[in-house]
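Peer 1: Structure file start12.pdb, PDB, C-alpha atoms, is pasted below:
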```
MODEL        1
ATOM      1  CA  MET S  11      -4.920   6.454  16.614  1.00  0.00           C
ATOM      2  CA  SER S  12      -4.258   3.566  19.012  1.00  0.00           C
ATOM      3  CA  ARG S  13      -1.534   3.639  21.664  1.00  0.00           C
ATOM      4  CA  SER S  14       0.144   0.693  19.897  1.00  0.00           C
ATOM      5  CA  VAL S  15       0.983   2.905  16.927  1.00  0.00           C
ATOM      6  CA  THR S  16       3.796   5.441  17.148  1.00  0.00           C
ATOM      7  CA  ALA S  17       2.196   8.910  17.177  1.00  0.00           C
ATOM      8  CA  THR S  18       5.358  10.756  16.169  1.00  0.00           C
ATOM      9  CA  ILE S  19       6.545  11.022  12.566  1.00  0.00           C
ATOM     10  CA  PRO S  20       7.731   7.484  11.689  1.00  0.00           C
ATOM     11  CA  GLN S  21      11.311   6.929  10.546  1.00  0.00           C
ATOM     12  CA  PHE S  22      10.223   5.411   7.253  1.00  0.00           C
ATOM     13  CA  PHE S  23       8.533   8.737   6.448  1.00  0.00           C
ATOM     14  CA  THR S  24      11.793  10.665   6.745  1.00  0.00           C
ATOM     15  CA  LYS S  25      14.509   8.042   6.153  1.00  0.00           C
ATOM     16  CA  GLY S  26      12.957   5.465   3.823  1.00  0.00           C
ATOM     17  CA  ARG S  27      14.470   5.388   0.348  1.00  0.00           C
ATOM     18  CA  LYS S  28      11.725   3.604  -1.584  1.00  0.00           C
ATOM     19  CA  ILE S  29       8.135   2.428  -1.568  1.00  0.00           C
ATOM     20  CA  ILE S  30       7.599  -0.865  -3.372  1.00  0.00           C
ATOM     21  CA  GLY S  31       4.046  -1.519  -4.533  1.00  0.00           C
ATOM     22  CA  VAL S  32       2.506  -4.879  -5.371  1.00  0.00           C
ATOM     23  CA  GLY S  33      -0.274  -4.931  -7.948  1.00  0.00           C
ATOM     24  CA  ARG S  34      -3.210  -7.350  -8.213  1.00  0.00           C
ATOM     25  CA  ASN S  35      -2.291  -9.352  -5.116  1.00  0.00           C
ATOM     26  CA  TYR S  36      -5.902 -10.229  -4.276  1.00  0.00           C
ATOM     27  CA  GLN S  37      -7.797 -12.397  -6.744  1.00  0.00           C
ATOM     28  CA  ASP S  38     -11.113 -10.559  -6.267  1.00  0.00           C
ATOM     29  CA  HIS S  39      -9.433  -7.214  -6.904  1.00  0.00           C
ATOM     30  CA  ALA S  40      -7.855  -8.461 -10.126  1.00  0.00           C
ATOM     31  CA  ALA S  41     -11.260  -9.749 -11.199  1.00  0.00           C
ATOM     32  CA  GLU S  42     -13.097  -6.492 -10.483  1.00  0.00           C
ATOM     33  CA  LEU S  43     -10.708  -4.625 -12.799  1.00  0.00           C
ATOM     34  CA  GLY S  44     -10.930  -7.304 -15.480  1.00  0.00           C
ATOM     35  CA  ASN S  45      -7.287  -8.290 -15.088  1.00  0.00           C
ATOM     36  CA  VAL S  46      -5.721 -11.722 -15.347  1.00  0.00           C
ATOM     37  CA  VAL S  47      -4.656 -13.163 -11.984  1.00  0.00           C
ATOM     38  CA  PRO S  48      -0.834 -12.937 -11.950  1.00  0.00           C
ATOM     39  CA  THR S  49       1.429 -15.953 -11.675  1.00  0.00           C
ATOM     40  CA  GLU S  50       4.301 -13.793 -10.366  1.00  0.00           C
ATOM     41  CA  PRO S  51       4.123 -10.609  -8.271  1.00  0.00           C
ATOM     42  CA  ILE S  52       3.543  -7.378 -10.200  1.00  0.00           C
ATOM     43  CA  ILE S  53       5.976  -4.817  -8.810  1.00  0.00           C
ATOM     44  CA  PHE S  54       6.102  -1.037  -9.167  1.00  0.00           C
ATOM     45  CA  LEU S  55       7.880   1.788  -7.352  1.00  0.00           C
ATOM     46  CA  LYS S  56       6.488   4.927  -5.729  1.00  0.00           C
ATOM     47  CA  PRO S  57       8.601   7.894  -4.577  1.00  0.00           C
ATOM     48  CA  THR S  58       8.743   8.602  -0.852  1.00  0.00           C
ATOM     49  CA  SER S  59       7.697  12.169  -1.707  1.00  0.00           C
ATOM     50  CA  SER S  60       4.187  10.730  -2.167  1.00  0.00           C
ATOM     51  CA  TYR S  61       3.835  10.049   1.598  1.00  0.00           C
ATOM     52  CA  ILE S  62       1.403  12.084   3.672  1.00  0.00           C
ATOM     53  CA  LEU S  63       0.339  11.663   7.293  1.00  0.00           C
ATOM     54  CA  GLU S  64      -3.049  12.139   8.906  1.00  0.00           C
ATOM     55  CA  GLY S  65      -3.960  15.813   8.909  1.00  0.00           C
ATOM     56  CA  ASP S  66      -2.728  16.356   5.365  1.00  0.00           C
ATOM     57  CA  LYS S  67      -5.125  16.212   2.426  1.00  0.00           C
ATOM     58  CA  ILE S  68      -5.126  14.024  -0.659  1.00  0.00           C
ATOM     59  CA  LYS S  69      -4.708  16.287  -3.682  1.00  0.00           C
ATOM     60  CA  LEU S  70      -5.990  15.265  -7.084  1.00  0.00           C
ATOM     61  CA  PRO S  71      -3.273  15.311  -9.762  1.00  0.00           C
ATOM     62  CA  PRO S  72      -3.728  17.166 -13.065  1.00  0.00           C
ATOM     63  CA  LYS S  73      -5.102  15.563 -16.231  1.00  0.00           C
ATOM     64  CA  THR S  74      -7.114  12.905 -14.442  1.00  0.00           C
ATOM     65  CA  LYS S  75     -10.780  12.556 -13.526  1.00  0.00           C
ATOM     66  CA  GLU S  76     -10.826   9.154 -11.822  1.00  0.00           C
ATOM     67  CA  ILE S  77      -8.892   8.670  -8.576  1.00  0.00           C
ATOM     68  CA  HIS S  78      -9.393   5.354  -6.778  1.00  0.00           C
ATOM     69  CA  HIS S  79      -8.746   4.404  -3.147  1.00  0.00           C
ATOM     70  CA  GLU S  80      -6.820   1.226  -2.297  1.00  0.00           C
ATOM     71  CA  VAL S  81      -6.313   0.275   1.361  1.00  0.00           C
ATOM     72  CA  GLU S  82      -3.245  -1.859   2.052  1.00  0.00           C
ATOM     73  CA  LEU S  83      -0.998  -3.372   4.695  1.00  0.00           C
ATOM     74  CA  GLY S  84       2.468  -1.865   4.486  1.00  0.00           C
ATOM     75  CA  VAL S  85       5.511  -3.899   5.576  1.00  0.00           C
ATOM     76  CA  VAL S  86       8.391  -1.861   7.029  1.00  0.00           C
ATOM     77  CA  ILE S  87      11.838  -3.359   6.425  1.00  0.00           C
ATOM     78  CA  GLY S  88      14.201  -3.445   9.405  1.00  0.00           C
ATOM     79  CA  LYS S  89      17.575  -4.300   7.912  1.00  0.00           C
ATOM     80  CA  GLU S  90      19.337  -4.493   4.573  1.00  0.00           C
ATOM     81  CA  GLY S  91      19.039  -7.682   2.576  1.00  0.00           C
ATOM     82  CA  ARG S  92      19.131  -9.160  -0.887  1.00  0.00           C
ATOM     83  CA  ASN S  93      18.435 -12.659  -2.240  1.00  0.00           C
ATOM     84  CA  ILE S  94      16.418 -13.321   0.910  1.00  0.00           C
ATOM     85  CA  THR S  95      14.852 -16.764   1.276  1.00  0.00           C
ATOM     86  CA  PRO S  96      11.156 -17.085   2.113  1.00  0.00           C
ATOM     87  CA  GLU S  97      12.151 -18.963   5.270  1.00  0.00           C
ATOM     88  CA  SER S  98      14.198 -16.036   6.603  1.00  0.00           C
ATOM     89  CA  ALA S  99      12.094 -13.204   5.165  1.00  0.00           C
ATOM     90  CA  MET S 100      10.253 -12.284   8.364  1.00  0.00           C
ATOM     91  CA  ASP S 101      13.602 -11.656  10.076  1.00  0.00           C
ATOM     92  CA  TYR S 102      13.884  -8.573   7.843  1.00  0.00           C
ATOM     93  CA  VAL S 103      10.538  -7.134   8.935  1.00  0.00           C
ATOM     94  CA  LYS S 104      10.682  -4.306  11.457  1.00  0.00           C
ATOM     95  CA  GLY S 105       6.958  -3.663  11.627  1.00  0.00           C
ATOM     96  CA  TYR S 106       3.954  -2.483   9.674  1.00  0.00           C
ATOM     97  CA  ALA S 107       1.791   0.469   8.683  1.00  0.00           C
ATOM     98  CA  LEU S 108      -1.700   1.032   7.351  1.00  0.00           C
ATOM     99  CA  SER S 109      -1.553   2.725   3.961  1.00  0.00           C
ATOM    100  CA  LEU S 110      -3.553   3.943   1.002  1.00  0.00           C
ATOM    101  CA  ASP S 111      -2.275   3.476  -2.522  1.00  0.00           C
ATOM    102  CA  MET S 112      -4.177   6.243  -4.298  1.00  0.00           C
ATOM    103  CA  THR S 113      -4.358   5.554  -8.028  1.00  0.00           C
ATOM    104  CA  ALA S 114      -5.240   7.760 -10.986  1.00  0.00           C
ATOM    105  CA  ARG S 115      -7.148   4.943 -12.649  1.00  0.00           C
ATOM    106  CA  ASP S 116      -7.920   6.645 -15.955  1.00  0.00           C
ATOM    107  CA  MET S 117      -4.285   7.644 -16.320  1.00  0.00           C
ATOM    108  CA  GLN S 118      -3.160   4.129 -15.389  1.00  0.00           C
ATOM    109  CA  ARG S 119      -5.345   2.649 -18.132  1.00  0.00           C
ATOM    110  CA  GLN S 120      -3.987   5.094 -20.703  1.00  0.00           C
ATOM    111  CA  LEU S 121      -0.383   4.388 -19.703  1.00  0.00           C
ATOM    112  CA  ALA S 122      -0.927   0.621 -19.734  1.00  0.00           C
ATOM    113  CA  LYS S 123      -2.403   0.733 -23.251  1.00  0.00           C
ATOM    114  CA  LYS S 124       0.740   2.511 -24.437  1.00  0.00           C
ATOM    115  CA  GLY S 125       3.018   0.069 -22.616  1.00  0.00           C
ATOM    116  CA  HIS S 126       4.269   2.860 -20.343  1.00  0.00           C
ATOM    117  CA  PRO S 127       5.101   2.644 -16.612  1.00  0.00           C
ATOM    118  CA  TRP S 128       2.475   3.526 -13.982  1.00  0.00           C
ATOM    119  CA  SER S 129       4.638   6.139 -12.240  1.00  0.00           C
ATOM    120  CA  LEU S 130       2.386   9.149 -12.878  1.00  0.00           C
ATOM    121  CA  ALA S 131      -0.737   7.209 -11.907  1.00  0.00           C
ATOM    122  CA  LYS S 132       0.702   5.789  -8.672  1.00  0.00           C
ATOM    123  CA  GLY S 133       3.436   8.175  -7.533  1.00  0.00           C
ATOM    124  CA  PHE S 134       1.951  11.668  -7.637  1.00  0.00           C
ATOM    125  CA  ASP S 135       2.248  13.922  -4.578  1.00  0.00           C
ATOM    126  CA  THR S 136      -0.083  12.733  -1.733  1.00  0.00           C
ATOM    127  CA  ALA S 137      -0.607   9.315  -3.423  1.00  0.00           C
ATOM    128  CA  THR S 138       0.564   7.391  -0.328  1.00  0.00           C
ATOM    129  CA  PRO S 139      -1.320   8.373   2.833  1.00  0.00           C
ATOM    130  CA  ILE S 140       0.110   6.294   5.669  1.00  0.00           C
ATOM    131  CA  SER S 141      -0.277   5.673   9.397  1.00  0.00           C
ATOM    132  CA  GLY S 142       2.272   5.741  12.150  1.00  0.00           C
ATOM    133  CA  PHE S 143       4.585   2.793  12.742  1.00  0.00           C
ATOM    134  CA  ILE S 144       3.056  -0.460  14.019  1.00  0.00           C
ATOM    135  CA  PRO S 145       5.636  -2.576  15.922  1.00  0.00           C
ATOM    136  CA  LYS S 146       6.079  -6.145  14.736  1.00  0.00           C
ATOM    137  CA  THR S 147       5.028  -7.524  18.127  1.00  0.00           C
ATOM    138  CA  THR S 148       1.691  -5.694  17.872  1.00  0.00           C
ATOM    139  CA  LEU S 149       0.763  -7.641  14.743  1.00  0.00           C
ATOM    140  CA  PRO S 150       1.910 -11.235  15.371  1.00  0.00           C
ATOM    141  CA  ASP S 151      -0.051 -12.697  12.427  1.00  0.00           C
ATOM    142  CA  PRO S 152       0.233 -10.280   9.475  1.00  0.00           C
ATOM    143  CA  MET S 153      -1.339 -12.860   7.178  1.00  0.00           C
ATOM    144  CA  ASN S 154      -4.648 -12.597   9.051  1.00  0.00           C
ATOM    145  CA  VAL S 155      -5.334  -8.862   9.200  1.00  0.00           C
ATOM    146  CA  HIS S 156      -8.704  -7.193   8.683  1.00  0.00           C
ATOM    147  CA  LEU S 157      -8.498  -4.201   6.316  1.00  0.00           C
ATOM    148  CA  TRP S 158     -11.476  -1.912   5.744  1.00  0.00           C
ATOM    149  CA  LEU S 159     -12.200   1.424   4.105  1.00  0.00           C
ATOM    150  CA  LYS S 160     -15.194   3.761   4.039  1.00  0.00           C
ATOM    151  CA  VAL S 161     -15.874   6.799   1.856  1.00  0.00           C
ATOM    152  CA  ASN S 162     -18.283   9.266   3.483  1.00  0.00           C
ATOM    153  CA  ASP S 163     -19.325   6.482   5.926  1.00  0.00           C
ATOM    154  CA  GLU S 164     -20.116   4.046   3.076  1.00  0.00           C
ATOM    155  CA  MET S 165     -18.192   0.772   3.386  1.00  0.00           C
ATOM    156  CA  ARG S 166     -16.215   0.221   0.199  1.00  0.00           C
ATOM    157  CA  GLN S 167     -13.475  -2.277   1.083  1.00  0.00           C
ATOM    158  CA  ASP S 168     -13.722  -5.055   3.662  1.00  0.00           C
ATOM    159  CA  GLY S 169     -11.029  -7.699   3.277  1.00  0.00           C
ATOM    160  CA  ASN S 170      -8.353  -9.779   4.938  1.00  0.00           C
ATOM    161  CA  THR S 171      -4.666 -10.305   4.174  1.00  0.00           C
ATOM    162  CA  LYS S 172      -5.208 -14.089   4.316  1.00  0.00           C
ATOM    163  CA  ASP S 173      -6.632 -13.708   0.803  1.00  0.00           C
ATOM    164  CA  MET S 174      -3.354 -12.463  -0.686  1.00  0.00           C
ATOM    165  CA  ILE S 175      -2.177 -14.394  -3.736  1.00  0.00           C
ATOM    166  CA  PHE S 176       1.479 -13.970  -2.689  1.00  0.00           C
ATOM    167  CA  ASP S 177       2.121 -13.880   1.061  1.00  0.00           C
ATOM    168  CA  ILE S 178       4.551 -11.531   2.797  1.00  0.00           C
ATOM    169  CA  PRO S 179       7.570 -13.898   2.921  1.00  0.00           C
ATOM    170  CA  SER S 180       7.114 -14.687  -0.784  1.00  0.00           C
ATOM    171  CA  LEU S 181       6.945 -10.982  -1.651  1.00  0.00           C
ATOM    172  CA  ILE S 182      10.048 -10.094   0.351  1.00  0.00           C
ATOM    173  CA  SER S 183      12.002 -12.958  -1.204  1.00  0.00           C
ATOM    174  CA  TYR S 184      10.876 -12.127  -4.748  1.00  0.00           C
ATOM    175  CA  ILE S 185      11.540  -8.390  -4.490  1.00  0.00           C
ATOM    176  CA  SER S 186      14.963  -8.900  -2.914  1.00  0.00           C
ATOM    177  CA  GLN S 187      16.123 -10.843  -5.968  1.00  0.00           C
ATOM    178  CA  TYR S 188      15.934  -7.571  -7.932  1.00  0.00           C
ATOM    179  CA  PHE S 189      16.190  -4.719  -5.396  1.00  0.00           C
ATOM    180  CA  THR S 190      18.318  -4.578  -2.295  1.00  0.00           C
ATOM    181  CA  LEU S 191      15.852  -4.029   0.520  1.00  0.00           C
ATOM    182  CA  GLU S 192      17.020  -1.291   2.865  1.00  0.00           C
ATOM    183  CA  GLU S 193      16.046  -0.272   6.373  1.00  0.00           C
ATOM    184  CA  GLU S 194      12.821   1.780   6.416  1.00  0.00           C
ATOM    185  CA  ASP S 195      11.769   0.708   2.906  1.00  0.00           C
ATOM    186  CA  VAL S 196       8.028   0.006   2.790  1.00  0.00           C
ATOM    187  CA  ILE S 197       6.357  -2.737   0.758  1.00  0.00           C
ATOM    188  CA  LEU S 198       2.669  -2.109  -0.013  1.00  0.00           C
ATOM    189  CA  THR S 199       1.233  -5.619  -0.230  1.00  0.00           C
ATOM    190  CA  GLY S 200      -1.806  -5.043  -2.449  1.00  0.00           C
ATOM    191  CA  THR S 201      -5.463  -4.207  -1.912  1.00  0.00           C
ATOM    192  CA  PRO S 202      -8.622  -6.285  -1.495  1.00  0.00           C
ATOM    193  CA  ALA S 203     -11.675  -5.861  -3.715  1.00  0.00           C
ATOM    194  CA  GLY S 204     -13.939  -2.845  -3.528  1.00  0.00           C
ATOM    195  CA  VAL S 205     -11.734  -0.111  -4.950  1.00  0.00           C
ATOM    196  CA  GLY S 206     -13.580   2.859  -6.337  1.00  0.00           C
ATOM    197  CA  PRO S 207     -13.467   6.563  -7.113  1.00  0.00           C
ATOM    198  CA  VAL S 208     -13.253   9.542  -4.779  1.00  0.00           C
ATOM    199  CA  LYS S 209     -13.821  13.182  -5.569  1.00  0.00           C
ATOM    200  CA  SER S 210     -13.005  16.540  -4.069  1.00  0.00           C
ATOM    201  CA  GLY S 211     -14.774  16.935  -0.722  1.00  0.00           C
ATOM    202  CA  ASP S 212     -14.914  13.205   0.068  1.00  0.00           C
ATOM    203  CA  SER S 213     -13.658  11.827   3.369  1.00  0.00           C
ATOM    204  CA  ILE S 214     -11.834   8.474   3.549  1.00  0.00           C
ATOM    205  CA  ASN S 215     -11.758   6.448   6.778  1.00  0.00           C
ATOM    206  CA  CYS S 216      -9.856   3.180   6.974  1.00  0.00           C
ATOM    207  CA  GLY S 217      -8.540   0.751   9.533  1.00  0.00           C
ATOM    208  CA  LEU S 218      -6.453  -2.289  10.344  1.00  0.00           C
ATOM    209  CA  ASN S 219      -7.850  -4.755  12.913  1.00  0.00           C
ATOM    210  CA  ASP S 220      -8.560  -2.778  16.098  1.00  0.00           C
ATOM    211  CA  ILE S 221      -5.002  -1.409  16.110  1.00  0.00           C
ATOM    212  CA  VAL S 222      -5.231   1.744  14.014  1.00  0.00           C
ATOM    213  CA  THR S 223      -7.682   3.855  12.072  1.00  0.00           C
ATOM    214  CA  MET S 224      -6.966   6.946  10.007  1.00  0.00           C
ATOM    215  CA  LYS S 225      -8.884   9.595   8.119  1.00  0.00           C
ATOM    216  CA  PHE S 226      -7.955  11.620   5.052  1.00  0.00           C
ATOM    217  CA  ASP S 227      -9.978  14.262   3.234  1.00  0.00           C
ATOM    218  CA  VAL S 228      -9.784  14.717  -0.514  1.00  0.00           C
ATOM    219  CA  GLU S 229      -9.053  18.266  -1.581  1.00  0.00           C
TER     220      GLU S 229
ENDMDL
END
```
Written as structure tokens, how would this file's structure read?
Peer 2:
Amino acid sequence: MSRSVTATIPQFFTKGRKIIGVGRNYQDHAAELGNVVPTEPIIFLKPTSSYILEGDKIKLPPKTKEIHHEVELGVVIGKEGRNITPESAMDYVKGYALSLDMTARDMQRQLAKKGHPWSLAKGFDTATPISGFIPKTTLPDPMNVHLWLKVNDEMRQDGNTKDMIFDIPSLISYISQYFTLEEEDVILTGTPAGVGPVKSGDSINCGLNDIVTMKFDVE
């Protein structure tokens, strides 16, 4: 892990109250799953108990046979705010993190067909592997960040945050109309195309620019 990323346990890991996920925020990703491109952000919540740090293993939840990887840029909130304007949104950003949004895809499909929330598919224990804290000054242009992910040395995802449908200020503003954003909350901003399954024994490597890389094994 790079020197620019805090090596100690980040505050959002221990003090954050919520993880806010954004679904289908890259057009190519929506297309690969056969989903309609959204006209407003798709928002879901994940419990902070789903966080794990490098050295821990991703554990497959029960009653599912299809777990997908999703590499994402996480935005760490620095101060409380609600009804935030897009123009002032970046003032509420403390920094960033590299994250995985592990998804029980078969369970997600079943829940969606029934009109049920995605909580079990997105919020199970170990569903949010995450890096150390990346200071805001280390990433001056978060809307031009290279995200990549390999499984067993095979490149699966290779994208850039410039391809987001809804940019970071828009997401912060939209979310804050419904949820008060609190210090150490993390917004997962969506994943580029290339998501796919992992199985027990696989190794996931991912990175963000040349700032941070991380590795997680699947148990």
Peer 1: Around all of range 102-119 of chain S's listed atoms, make the axis-aligned box with 5 Å on each side and tell me centre and edge lengths in Å to one decimal, as lines of an AutoDock Vina configuration file.
Peer 2:
```
center_x = 3.0
center_y = -0.4
center_z = -3.3
size_x = 31.8
size_y = 26.3
size_z = 39.8
```
Peer 1: Residue by residue, what does the PyMOL selection byres ((chain S and resi 151) around 12) grab here? Present the result as a VMD selection string.
Peer 2: chain S and resid 100 105 to 106 146 to 150 152 to 156 170 to 172 177 to 178 219
Peer 1: Using only C-alpha atoms, which residues sit within 7 Å of Pro179 in chain S once same-chain residues fewer than 2 positions away are excluded, as an MDAnalysis selection string?
Peer 2: chainID S and resid 96 99:100 177 181:183
Peer 1: List the neighbours of Val208 in chain S out to 9 Å using all atoms listed in the file; skip same-chain residues closer than 4 positions along the sequence, and give me the result as a list of chain:residue names.
Peer 2: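 Residues near the query, excluding close chain neighbours: S:Glu76, S:Ile77, S:His78, S:His79, S:Val161, S:Asp212, S:Ser213, S:Ile214, S:Val228.
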Peer 1: I'd like to see the residues matched by the PyMOL selection byres ((chain S and resi 220) around 12) on this file, and ideally I'd get them as a ChimeraX atom specification.
Peer 2: /S:11-15,108,148-149,155-158,216-219,221-224
Peer 1: With C-alpha atoms retained, could you export that selection as a compact mmCIF listing (two decimals), in the frame of the given file?
Peer 2:
```txt
# COMPACT_ATOMS: atom_id res chain seq x y z
CA MET S 11 -4.92 6.45 16.61
CA SER S 12 -4.26 3.57 19.01
CA ARG S 13 -1.53 3.64 21.66
CA SER S 14 0.14 0.69 19.90
CA VAL S 15 0.98 2.90 16.93
CA LEU S 108 -1.70 1.03 7.35
CA THR S 148 1.69 -5.69 17.87
CA LEU S 149 0.76 -7.64 14.74
CA VAL S 155 -5.33 -8.86 9.20
CA HIS S 156 -8.70 -7.19 8.68
CA LEU S 157 -8.50 -4.20 6.32
CA TRP S 158 -11.48 -1.91 5.74
CA CYS S 216 -9.86 3.18 6.97
CA GLY S 217 -8.54 0.75 9.53
CA LEU S 218 -6.45 -2.29 10.34
CA ASN S 219 -7.85 -4.76 12.91
CA ILE S 221 -5.00 -1.41 16.11
CA VAL S 222 -5.23 1.74 14.01
CA THR S 223 -7.68 3.86 12.07
CA MET S 224 -6.97 6.95 10.01
```
Peer 1: Please build the interface table for range 32-122 of chain S against range 142-145 of chain S with a cut-off of 12 Å, listing for each qualifying residue the nearest atom pair and the distance in Å to one decimal; count all atoms listed in the file, order rows by chain and increasing number, and write it as a tab-separated table.
Peer 2:
```
residue	atom	partner	partner_atom	distance
S:Tyr61	CA	S:Gly142	CA	11.5
S:Ile62	CA	S:Gly142	CA	10.6
S:Leu63	CA	S:Gly142	CA	7.9
S:Glu64	CA	S:Gly142	CA	8.9
S:Leu83	CA	S:Ile144	CA	10.6
S:Gly84	CA	S:Ile144	CA	9.7
S:Val85	CA	S:Ile144	CA	9.4
S:Val86	CA	S:Phe143	CA	8.3
S:Ile87	CA	S:Pro145	CA	11.4
S:Gly88	CA	S:Pro145	CA	10.8
S:Val103	CA	S:Pro145	CA	9.7
S:Lys104	CA	S:Pro145	CA	7.0
S:Gly105	CA	S:Pro145	CA	4.6
S:Tyr106	CA	S:Ile144	CA	4.9
S:Ala107	CA	S:Phe143	CA	5.4
S:Leu108	CA	S:Gly142	CA	7.8
S:Ser109	CA	S:Gly142	CA	9.5
```
Peer 1: Which one of S:Met174, S:Ile29, S:Ile68, S:Ala114 sits closest to Asp195 in chain S if you count only C-alpha atoms?
Peer 2: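 The closest residue to Asp195 in chain S is S:Ile29.
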Peer 1: Excluding Glu164 in chain S and its own-chain neighbours fewer than 4 positions away, which residues fall within 10 Å of it when counting all atoms listed in the file? Please give them as a list of chain:residue names.
Peer 2: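 Final neighbour list, sorted by chain and number: S:Leu159, S:Lys160, S:Ile214, S:Asn215.
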Peer 1: Find the spatial neighbours of Asp111 in chain S, counting all atoms listed in the file, within a cut-off of 12 Å - ignore same-chain residues fewer than 4 positions away - and output them as a ChimeraX atom specification.
Peer 2: /S:29-33,54-57,60-62,68,77-84,115,131-140,197-202,205-206
Peer 1: Might you spell out which residues the PyMOL selection byres ((chain S and resi 229) around 7) would select in the displayed file, as a PyMOL selection string?
Peer 2: chain S and resi 67-70+210-211+227-228
